[in-house]
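Written below as structure tokens is the structure these notes are about.
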Amino acid sequence: MITDCLFCKIAAGEIPAKVVYSDETLVAFEDINPQAPHHFLIIPRKHICTALDLTTADNELIGHVYQVAGKIAHDLDFSEDGFRLVTNCNSAGGQVVWHLHFHLLGGRDMEWPPG
Ligand code: AMP
Ligand code: ZN
């Protein structure tokens, strides 16, 4: 855990969040500034700064993210309509929190290309 990392603190339960899924490797919680009717952040419990810091040792973890995203969407009944799962990487990619996270967005039609 990185002591000054917001998402490490959420994963550790030191900062409150509306958690919708949790296991030994991942936590998912509601985004504080939702951009869709459903907007969750799926994060690894271990601190990884950006998508560029992933290694082959994380392949199983990332596969698990997709499984969990599908489960959340299914359980909350927006998997059939569809959803978007996105990671912003570094500044031009729109990343502002430096702990890897996946935005799970659903409940409305998504536009393409994204802004
Ligand atoms: P990104 O721009 O990809 O780094 O996304 C960071 C996301 O974290 C944004 O969508 C924020 O709304 C969200 N966020 C920031 N602080 C919190 C918090 N305390 N609880 C939940 N979501 C947060
Ligand atoms: Zn962290």
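For the structure tokens, the naming scheme is as follows: chains receive sequential letters (A, B, ...) according to their order of presentation, residues are indexed from 1 within each chain, and ligands are indexed from 1 in presentation order.
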Contacts with ligand 2 at most 8 Å, only C-alpha atoms and all ligand atoms counted, listed as a PyMOL selection string
chain A and resi 1-9+45-49+98-100
Listing only residues of chain A within 6 Å of ligand 1, what is the closest atom pair and its distance in Å (to one decimal) for each, using only C-alpha atoms and all ligand atoms, sorted by chain and residue number ascending, as CSV?
residue,atom,partner,partner_atom_place_in_ligand_line,distance
A:Ala17,CA,ligand 1,20 (N),5.8
A:Glu30,CA,ligand 1,21 (C),5.9
A:Asp31,CA,ligand 1,22 (N),3.8
A:Ile32,CA,ligand 1,22 (N),4.0
A:Asn33,CA,ligand 1,12 (O),4.1
A:Asn88,CA,ligand 1,3 (O),4.7
A:Gly94,CA,ligand 1,2 (O),5.0
A:Gln95,CA,ligand 1,4 (O),3.6
A:Val96,CA,ligand 1,4 (O),3.7
A:Val97,CA,ligand 1,4 (O),4.0
What parts of chain A does DSSP call alpha helix (DSSP H)? I'd like the answer as a CSV table (one decimal) with C-alpha atoms, in the first residue's frame.
chain,number,residue,atom,x,y,z
A,6,LEU,CA,-6.5,7.7,-2.4
A,7,PHE,CA,-7.4,4.4,-4.0
A,8,CYS,CA,-5.1,2.4,-1.7
A,9,LYS,CA,-6.9,4.0,1.2
A,10,ILE,CA,-10.3,3.1,-0.3
A,11,ALA,CA,-9.2,-0.5,-0.8
A,59,ASN,CA,-2.3,-11.0,-16.8
A,60,GLU,CA,-4.6,-13.0,-14.6
A,61,LEU,CA,-5.5,-9.9,-12.6
A,62,ILE,CA,-6.6,-8.1,-15.7
A,63,GLY,CA,-8.6,-11.0,-16.9
A,64,HIS,CA,-10.3,-11.1,-13.5
A,65,VAL,CA,-11.2,-7.4,-14.0
A,66,TYR,CA,-13.2,-8.2,-17.1
A,67,GLN,CA,-14.9,-11.1,-15.3
A,68,VAL,CA,-15.9,-8.9,-12.4
A,69,ALA,CA,-17.1,-6.1,-14.7
A,70,GLY,CA,-19.4,-8.5,-16.4
A,71,LYS,CA,-20.7,-9.8,-13.1
A,72,ILE,CA,-21.5,-6.3,-11.8
A,73,ALA,CA,-23.2,-5.4,-15.0
A,74,HIS,CA,-25.2,-8.7,-15.0
A,75,ASP,CA,-26.1,-8.4,-11.3
Any idea what's packed within 6 Å of Ala28 in chain A, counting only C-alpha atoms, ignoring anything in its chain fewer than 2 positions away? Could you give it as a PyMOL selection string?
chain A and resi 19-21+41-42
I'd like the contact shell of Arg108 in chain A - 9 Å cut-off, only C-alpha atoms, skipping same-chain residues fewer than 2 positions apart - returned as a list in words.
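With the cut-off at 9 Å, the set is Ala36, Pro37, His38, Asp81, Gly82, Phe83, Leu105, Gly106 and Met110 of chain A.
On the backbone of this structure, DSSP gives strand (DSSP E) within chain A to A:Val19, A:Val20, A:Tyr21, A:Ser22, A:Leu26, A:Val27, A:Ala28, A:Phe29, A:Glu30, A:His38, A:His39, A:Phe40, A:Leu41, A:Ile42, A:Ile43, A:Pro44, A:Phe83, A:Arg84, A:Leu85, A:Val86, A:Phe102, A:His103, A:Leu104, A:Leu105, A:Gly106.
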Only N, CA, C and O atoms, please: the residues just picked out, written as a tab-separated table (two decimals), in the first residue's frame.
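What landed in again_5.tsv:
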chain	number	residue	atom	x	y	z
A	19	VAL	N	-18.94	0.50	-1.89
A	19	VAL	CA	-18.35	-0.70	-2.48
A	19	VAL	C	-19.47	-1.62	-2.98
A	19	VAL	O	-20.42	-1.91	-2.26
A	20	VAL	N	-19.33	-2.06	-4.24
A	20	VAL	CA	-20.32	-2.97	-4.82
A	20	VAL	C	-19.75	-4.36	-5.04
A	20	VAL	O	-20.50	-5.31	-5.28
A	21	TYR	N	-18.42	-4.48	-4.97
A	21	TYR	CA	-17.79	-5.80	-5.13
A	21	TYR	C	-16.42	-5.74	-4.47
A	21	TYR	O	-15.73	-4.72	-4.54
A	22	SER	N	-16.05	-6.84	-3.85
A	22	SER	CA	-14.74	-6.91	-3.20
A	22	SER	C	-14.29	-8.35	-3.13
A	22	SER	O	-15.10	-9.25	-2.83
A	26	LEU	N	-9.38	-7.50	-5.96
A	26	LEU	CA	-10.04	-6.34	-6.57
A	26	LEU	C	-11.08	-5.72	-5.63
A	26	LEU	O	-11.67	-6.42	-4.80
A	27	VAL	N	-11.31	-4.43	-5.81
A	27	VAL	CA	-12.42	-3.74	-5.16
A	27	VAL	C	-13.12	-2.91	-6.23
A	27	VAL	O	-12.46	-2.31	-7.10
A	28	ALA	N	-14.46	-2.86	-6.19
A	28	ALA	CA	-15.23	-2.01	-7.10
A	28	ALA	C	-16.17	-1.14	-6.27
A	28	ALA	O	-16.80	-1.61	-5.33
A	29	PHE	N	-16.22	0.14	-6.64
A	29	PHE	CA	-17.04	1.09	-5.88
A	29	PHE	C	-17.59	2.14	-6.81
A	29	PHE	O	-17.11	2.34	-7.94
A	30	GLU	N	-18.62	2.85	-6.32
A	30	GLU	CA	-19.25	3.89	-7.12
A	30	GLU	C	-18.31	5.08	-7.31
A	30	GLU	O	-17.66	5.52	-6.35
A	38	HIS	N	-24.93	4.23	-14.27
A	38	HIS	CA	-24.05	3.30	-13.55
A	38	HIS	C	-22.61	3.71	-13.85
A	38	HIS	O	-22.21	3.76	-15.02
A	39	HIS	N	-21.85	4.01	-12.82
A	39	HIS	CA	-20.44	4.35	-13.01
A	39	HIS	C	-19.67	3.85	-11.80
A	39	HIS	O	-19.77	4.40	-10.70
A	40	PHE	N	-18.91	2.79	-12.04
A	40	PHE	CA	-18.11	2.17	-10.98
A	40	PHE	C	-16.64	2.21	-11.36
A	40	PHE	O	-16.29	2.28	-12.55
A	41	LEU	N	-15.80	2.16	-10.35
A	41	LEU	CA	-14.36	2.03	-10.56
A	41	LEU	C	-13.94	0.68	-10.04
A	41	LEU	O	-14.26	0.32	-8.89
A	42	ILE	N	-13.25	-0.09	-10.87
A	42	ILE	CA	-12.71	-1.38	-10.46
A	42	ILE	C	-11.21	-1.20	-10.31
A	42	ILE	O	-10.53	-0.77	-11.26
A	43	ILE	N	-10.71	-1.49	-9.12
A	43	ILE	CA	-9.27	-1.26	-8.86
A	43	ILE	C	-8.63	-2.54	-8.30
A	43	ILE	O	-9.27	-3.30	-7.57
A	44	PRO	N	-7.35	-2.75	-8.64
A	44	PRO	CA	-6.61	-3.81	-7.96
A	44	PRO	C	-6.30	-3.35	-6.53
A	44	PRO	O	-6.07	-2.16	-6.30
A	83	PHE	N	-22.31	-1.95	-21.96
A	83	PHE	CA	-21.56	-1.08	-21.05
A	83	PHE	C	-20.22	-0.74	-21.68
A	83	PHE	O	-19.86	-1.28	-22.74
A	84	ARG	N	-19.48	0.15	-21.03
A	84	ARG	CA	-18.13	0.49	-21.46
A	84	ARG	C	-17.19	0.28	-20.30
A	84	ARG	O	-17.51	0.62	-19.16
A	85	LEU	N	-16.03	-0.29	-20.58
A	85	LEU	CA	-14.99	-0.51	-19.58
A	85	LEU	C	-13.73	0.16	-20.09
A	85	LEU	O	-13.19	-0.24	-21.12
A	86	VAL	N	-13.30	1.23	-19.42
A	86	VAL	CA	-12.18	2.03	-19.95
A	86	VAL	C	-11.16	2.36	-18.86
A	86	VAL	O	-11.50	2.53	-17.69
A	102	PHE	N	-10.33	0.89	-13.62
A	102	PHE	CA	-11.16	0.66	-14.80
A	102	PHE	C	-12.52	1.27	-14.55
A	102	PHE	O	-13.19	0.92	-13.57
A	103	HIS	N	-12.93	2.20	-15.40
A	103	HIS	CA	-14.27	2.78	-15.31
A	103	HIS	C	-15.26	1.82	-15.95
A	103	HIS	O	-15.12	1.47	-17.13
A	104	LEU	N	-16.26	1.42	-15.19
A	104	LEU	CA	-17.37	0.61	-15.72
A	104	LEU	C	-18.58	1.52	-15.81
A	104	LEU	O	-19.09	1.99	-14.78
A	105	LEU	N	-18.98	1.82	-17.05
A	105	LEU	CA	-20.06	2.78	-17.30
A	105	LEU	C	-21.22	2.09	-17.99
A	105	LEU	O	-21.02	1.34	-18.96
A	106	GLY	N	-22.43	2.35	-17.52
A	106	GLY	CA	-23.60	1.76	-18.15
A	106	GLY	C	-24.85	2.54	-17.81
A	106	GLY	O	-24.82	3.51	-17.06
Separation of CA of Leu52 in chain A and CA of Ala12 in chain A, in Å?
23.5 Å
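Minimum atom-to-atom distance to Asp58 in chain A, evaluated using only C-alpha atoms, belongs to A:Thr25 out of A:Ser91, A:Gln35, A:Thr25, A:Ser79.
Between Thr87 in chain A and the residues A:Pro16, A:Thr50, A:Thr56, A:Glu24, the shortest atom-to-atom distance, using only C-alpha atoms, involves A:Thr50.
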